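Following: one structure in structure tokens, then a few remarks.
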Amino acid sequence: MRRFLSALCVLPVLLLAAPGQAQSVPETRLKAIFEMTPEQMASTGAWTKSAYDRLLAHINSIKDQKLREFVLEMVQRPESKVFNAKATQSYFASPAAGGKGHHYYPGGLPVHALECIEIALAWADVNDKIHKLKKTDRDIIIAALVLHDWAKVWYEWDPKTGLVVKPQWYPQSWGGERGKAKWKWMGEHGAVVYAELMKRGVSPSLVVATAASHFDPHWDLDKEGEGLNPALAEAAKIVNMPPIVVQPGKQMAEWWLVTYTDSAWSYSHYIAGHTALNIIEQVAVDLGLKAGSLEANKLSWFVLTRISDYRIYEEYQSANFDMAAAKKLVLSVLQDSTAHEVKR
């Protein structure tokens, strides 16, 4: 690890390209980046490491000791007892999307969980202050949002392509033979975590809270066989257990605090994520790499473990949507990431 940090943190001598072309990055530095694993990238990026540490702090703030220990175990030793599968990739180094989009980099999963938790807790603070509430259950909010995308530890980084691959045992998206649920592509990672929580015997309220990140407990409760209740029923089938059924008029307020957060992924996925990944790929091509190659994908891992896709989009927007400004920011990180590395 020290070898990678020393190679990355030393200020490189810039190799100037021909006039009108982008400045280059020394071959030795690119080689050091290409040799890094997802775990090394996530753990040495100050941005991703700080997000993971903050996430652990939230987990350790859970007051219920049994729940706190359960969530820590799920994060630190991810294993599916339902599918008899131990994760070979850590929660820390996992992405929050299965394809190019939101938080699609090593460390993206804890970043996504962290932002959801802090948004939800801010909503809780507002509600408590305005409505004079006294019993908002913050434990269930934190636990649900840490776990809602937990199954993405099996969104594994392919060392041959730099893209995400999923194991053969992974459930198919709902629809067709498996039944129906709103957003039929939601079946896979949702199915794994809802079923796992049921199998592990956690409270039904936590199972529903976790699923509420993907399904609004009112609008998506049950629409012609699609929605929250059908999703819970599909997960129950996997573990051969009675389904959890949410009754109208008997819904926890905390469930919507969970819903409010993950529902903002349209910005993080299609706008910030897609734009940032496109910009990084353009820089990779400028550096002589092939678009979509393992090397180009690894550059995106590296950059996005150092600065957020949101930060890249901010630069693009602030420059009146000028790609050149955002590309300059990305190139600067590739040339010298000293300010963005974990301090040893």
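Each chain in the structure tokens gets a letter, A, B, ..., in the order shown, and its residues are numbered from 1; ligands are numbered from 1 in order too.
Secondary structure by DSSP on the backbone puts the following residues of stretch 94-296 of chain A in strand (DSSP E): Glu156, Trp157, Val164 and Val165 of chain A.
Among the candidates A:Tyr313, A:Phe70, A:Phe302, A:Phe83, the one nearest to A:Val333 when counting only C-alpha atoms is A:Phe302.
Residues in contact with A:Leu287 at 8 Å, where only C-alpha atoms are counted and same-chain residues fewer than 2 positions away are skipped, are listed as A:Ala22, A:Ser24, A:Val25, A:Val283, A:Ala284, A:Val285, A:Leu289.
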Query raised in the report: as an MDAnalysis selection string, which residues of stretch 44-162 of chain A does DSSP assign to alpha helix (DSSP H)?
Result: chainID A and resid 44 46:60 65:76 108:131 138:147
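Between A:Lys237 and the residues A:Glu196, A:Ala87, A:Gly292, A:Glu79, the shortest atom-to-atom distance, using only C-alpha atoms, involves A:Glu196.
Compared by their closest atoms to A:Ile271, and using only C-alpha atoms, the residues A:Glu295, A:His103, A:Lys166, A:Ser337 rank with A:His103 nearest.
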Query raised in the report: If you count only C-alpha atoms, which residues fall within 10 Å of A:Arg54, apart from same-chain ones fewer than 3 positions away, as a list of chain:residue names?
Result: A:Thr48, A:Lys49, A:Ser50, A:Ala51, A:Ala57, A:His58, A:Ile59, A:Asn60, A:Pro110, A:Val111, A:Leu114, A:Glu118
Take the residues that were just selected and, keeping N, CA and C atoms, output them as a compact mmCIF listing (two decimals), in the first residue's frame.
```txt
# COMPACT_ATOMS: atom_id res chain seq x y z
N THR A 48 -13.32 8.92 -0.48
CA THR A 48 -14.06 7.70 -0.19
C THR A 48 -13.77 7.18 1.22
N LYS A 49 -12.54 7.32 1.68
CA LYS A 49 -12.20 6.85 3.04
C LYS A 49 -12.95 7.66 4.08
N SER A 50 -13.04 8.97 3.90
CA SER A 50 -13.75 9.78 4.89
C SER A 50 -15.24 9.46 4.90
N ALA A 51 -15.80 9.16 3.71
CA ALA A 51 -17.22 8.80 3.65
C ALA A 51 -17.47 7.49 4.39
N ALA A 57 -19.42 5.73 11.72
CA ALA A 57 -19.81 6.53 12.89
C ALA A 57 -21.33 6.54 13.05
N HIS A 58 -22.05 6.64 11.94
CA HIS A 58 -23.51 6.59 12.02
C HIS A 58 -23.97 5.22 12.52
N ILE A 59 -23.36 4.16 12.01
CA ILE A 59 -23.75 2.82 12.46
C ILE A 59 -23.50 2.68 13.95
N ASN A 60 -22.35 3.17 14.41
CA ASN A 60 -22.01 3.07 15.83
C ASN A 60 -22.87 3.97 16.71
N PRO A 110 -20.68 3.02 0.05
CA PRO A 110 -20.75 3.75 1.32
C PRO A 110 -21.02 5.24 1.14
N VAL A 111 -20.53 5.84 0.04
CA VAL A 111 -20.84 7.25 -0.22
C VAL A 111 -22.36 7.43 -0.37
N LEU A 114 -24.13 6.93 2.94
CA LEU A 114 -23.88 8.07 3.81
C LEU A 114 -24.76 9.26 3.44
N GLU A 118 -27.60 11.01 5.91
CA GLU A 118 -27.52 12.39 6.40
C GLU A 118 -28.68 13.25 5.90
```
